[in-house]
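Trainee: I'd like to ask some things about the structure below.
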Amino acid sequence: MWQLKKAYYRSFQFVMKFALSIFDWSEPELLEGPGAVKRLPALIKAKGISKVLVVTDKGLTGLHLLDGMYEKLDEAGVAYVVYDGTQPNPTIDNIEEARALYLDNGCQAVIAFGGGSPMDCAKAAAARVTNPNISVRKMRGLLKVRHKPAILFAVPTTAGTGSETTVAAVVSDPSTHEKNAINDPKLRPKYAVLDPELTLGLPPHITSTTGMDALTHAVEAYIGRSNVKSTEMYAEKAVKLIFQNLEKAYQNGKDIEARNNMLKASFYAGMAFTRAYVGYVHAIGHNLGGMYHIPHGLAMSVILPYVLEYYGDKAYFRLARLAEMTGVLTIGSDEEKAKAFIEAIKEMNRRMNIQDGFTEIREDDLPIIVKRALKEANPLYPVPRIMNEADCEAVIRRLMR
């Protein structure tokens, strides 16, 4: 029975890889470089848009990080209303509140300003605006967004999620403690702003964990079975940039060059995984986040090496290539290079004071976490090695502290 299931999963993934080739994978239109966010209002005005909804969170409004953009919106004659109620791991209620604000104020577009949570909230709210008869719960899964969402301008303030170029929005359901993804190419923002000045004030632990989130995106895409030449190229660029710049940005938050390179790395990683998909790191991490409110970047940072070790020889060839490209190990067998690459990830985590497990995970919750993680991953994620329930539980147990 298990062999039949695995055969079905692989067949599904094979069909999906080629079916995805019919979609438009062109990059978002970019504004880049220091101060780029102040050029955004002129672009919005040029598109004939006179009123926007800004989706962010209270932490960013409290830091006055949006003030420069607001000033330029006023100068350009673009009116705006602000939704800053987004929670970490945005909820269905957050999305519905943002949607209502958009409609009640006659907005014509959405600016997503922040990390992954405001991005996800804005994407889902933009989709709900144009799909009033499809609830957030019904949008979860693959290709459930019928009508093109409201126009979305994405302004990331962390170098990690790559949400400014991805087709996914992750939503939490507080009633069930589930965290599910809406996956649809229609969610991909048409415009994105990569402004390193917006990331200069990030605390070191946010810099480190969001950077490792970007690394997870690139690595999971690269070792999966749905790669095409473009996603391989983007993943390789992302991994190189992260190894060269993440610890620099962590150690010196004002290093504008390292910050800029990390934004590019996050963008490239997003370009890779939005077509090539992710894997069990995300499936497990989403469910730990939904169950225990563990921040997504932290979950990715901690889980990544454990899942890579689970894949074993199924991932050695690809991980060995990454070890060579990053200079981790250039001689030896693929197994030796792959294991050195995994150890390099663990060492990066240690140097950036990232924990190696979670005290939150409870024994009684294991069956539901395993069930939900595998439901998310199988058959969609084209992983190197397919997990069954025992495999998944064994990996999660390694995370328990």
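The chains in the structure tokens are called A, B, ... from first to last as shown; in each chain the residues are counted from 1, and the ligands are counted from 1 in the order shown.
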Sorted by chain and rising residue number, which residues of stretch 19-131 of chain A lie within 12 Å of stretch 284-293 of chain A, and what are their closest atom pairs and distances in Å to one decimal, counting only C-alpha atoms, as CSV?
Mentor:
residue,atom,partner,partner_atom,distance
A:Gln87,CA,A:His293,CA,10.5
A:Pro88,CA,A:His293,CA,8.0
A:Asn89,CA,A:His293,CA,7.4
A:Pro90,CA,A:Gly290,CA,10.2
A:Thr91,CA,A:Gly290,CA,10.1
Trainee: For the residues in that selection, give me C-alpha atoms as a short mmCIF file (atom, residue, chain, number, x, y, z; two decimals), in the first residue's frame.
Mentor:
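Below is the file that was written, selection_16.cif:
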data_model
loop_
_atom_site.label_atom_id
_atom_site.label_comp_id
_atom_site.auth_asym_id
_atom_site.auth_seq_id
_atom_site.Cartn_x
_atom_site.Cartn_y
_atom_site.Cartn_z
CA GLN A 87 -0.56 39.49 13.76
CA PRO A 88 2.47 37.21 13.46
CA ASN A 89 1.10 34.25 11.50
CA PRO A 90 -1.85 36.30 10.14
CA THR A 91 -5.31 34.99 10.88
#
Trainee: Could you give me, as a ChimeraX atom specification, the residues within 8 Å of A:Phe12, counting only C-alpha atoms and dropping anything in the same chain fewer than 4 positions from it?
Mentor: /A:8,16,379-380
Trainee: With C-alpha atoms kept, could you save the residues just selected as a JSON list (two decimals), in the first residue's frame?
Mentor:
[["chain", "number", "residue", "atom", "x", "y", "z"],
["A", 8, "TYR", "CA", 0.92, 8.20, -6.83],
["A", 16, "MET", "CA", 2.43, 19.22, -11.81],
["A", 379, "PRO", "CA", 1.61, 14.67, -2.74],
["A", 380, "LEU", "CA", 2.37, 18.33, -3.59]]
Trainee: Using the chain letters and numbers from this document, which residues of stretch 34-212 of chain A does DSSP assign to strand (DSSP E or B), as a count of residues only?
Mentor: 43
Trainee: Skipping near chain neighbours, those fewer than 5 positions away, what residues fall within 12 Å of stretch 371-373 of chain A using only C-alpha atoms, listed as a PyMOL selection string?
Mentor: chain A and resi 176-181+279-291+365-366+378-381+387-393+395-396
Trainee: Sorted by chain and rising residue number, which residues of stretch 264-339 of chain A lie within 10 Å of stretch 192-195 of chain A, and what are their closest atom pairs and distances in Å to one decimal, counting only C-alpha atoms, as JSON lines?
Mentor:
{"residue": "A:Lys264", "atom": "CA", "partner": "A:Leu194", "partner_atom": "CA", "distance": 7.6}
{"residue": "A:Ser266", "atom": "CA", "partner": "A:Leu194", "partner_atom": "CA", "distance": 10.0}
{"residue": "A:Phe267", "atom": "CA", "partner": "A:Leu194", "partner_atom": "CA", "distance": 8.6}
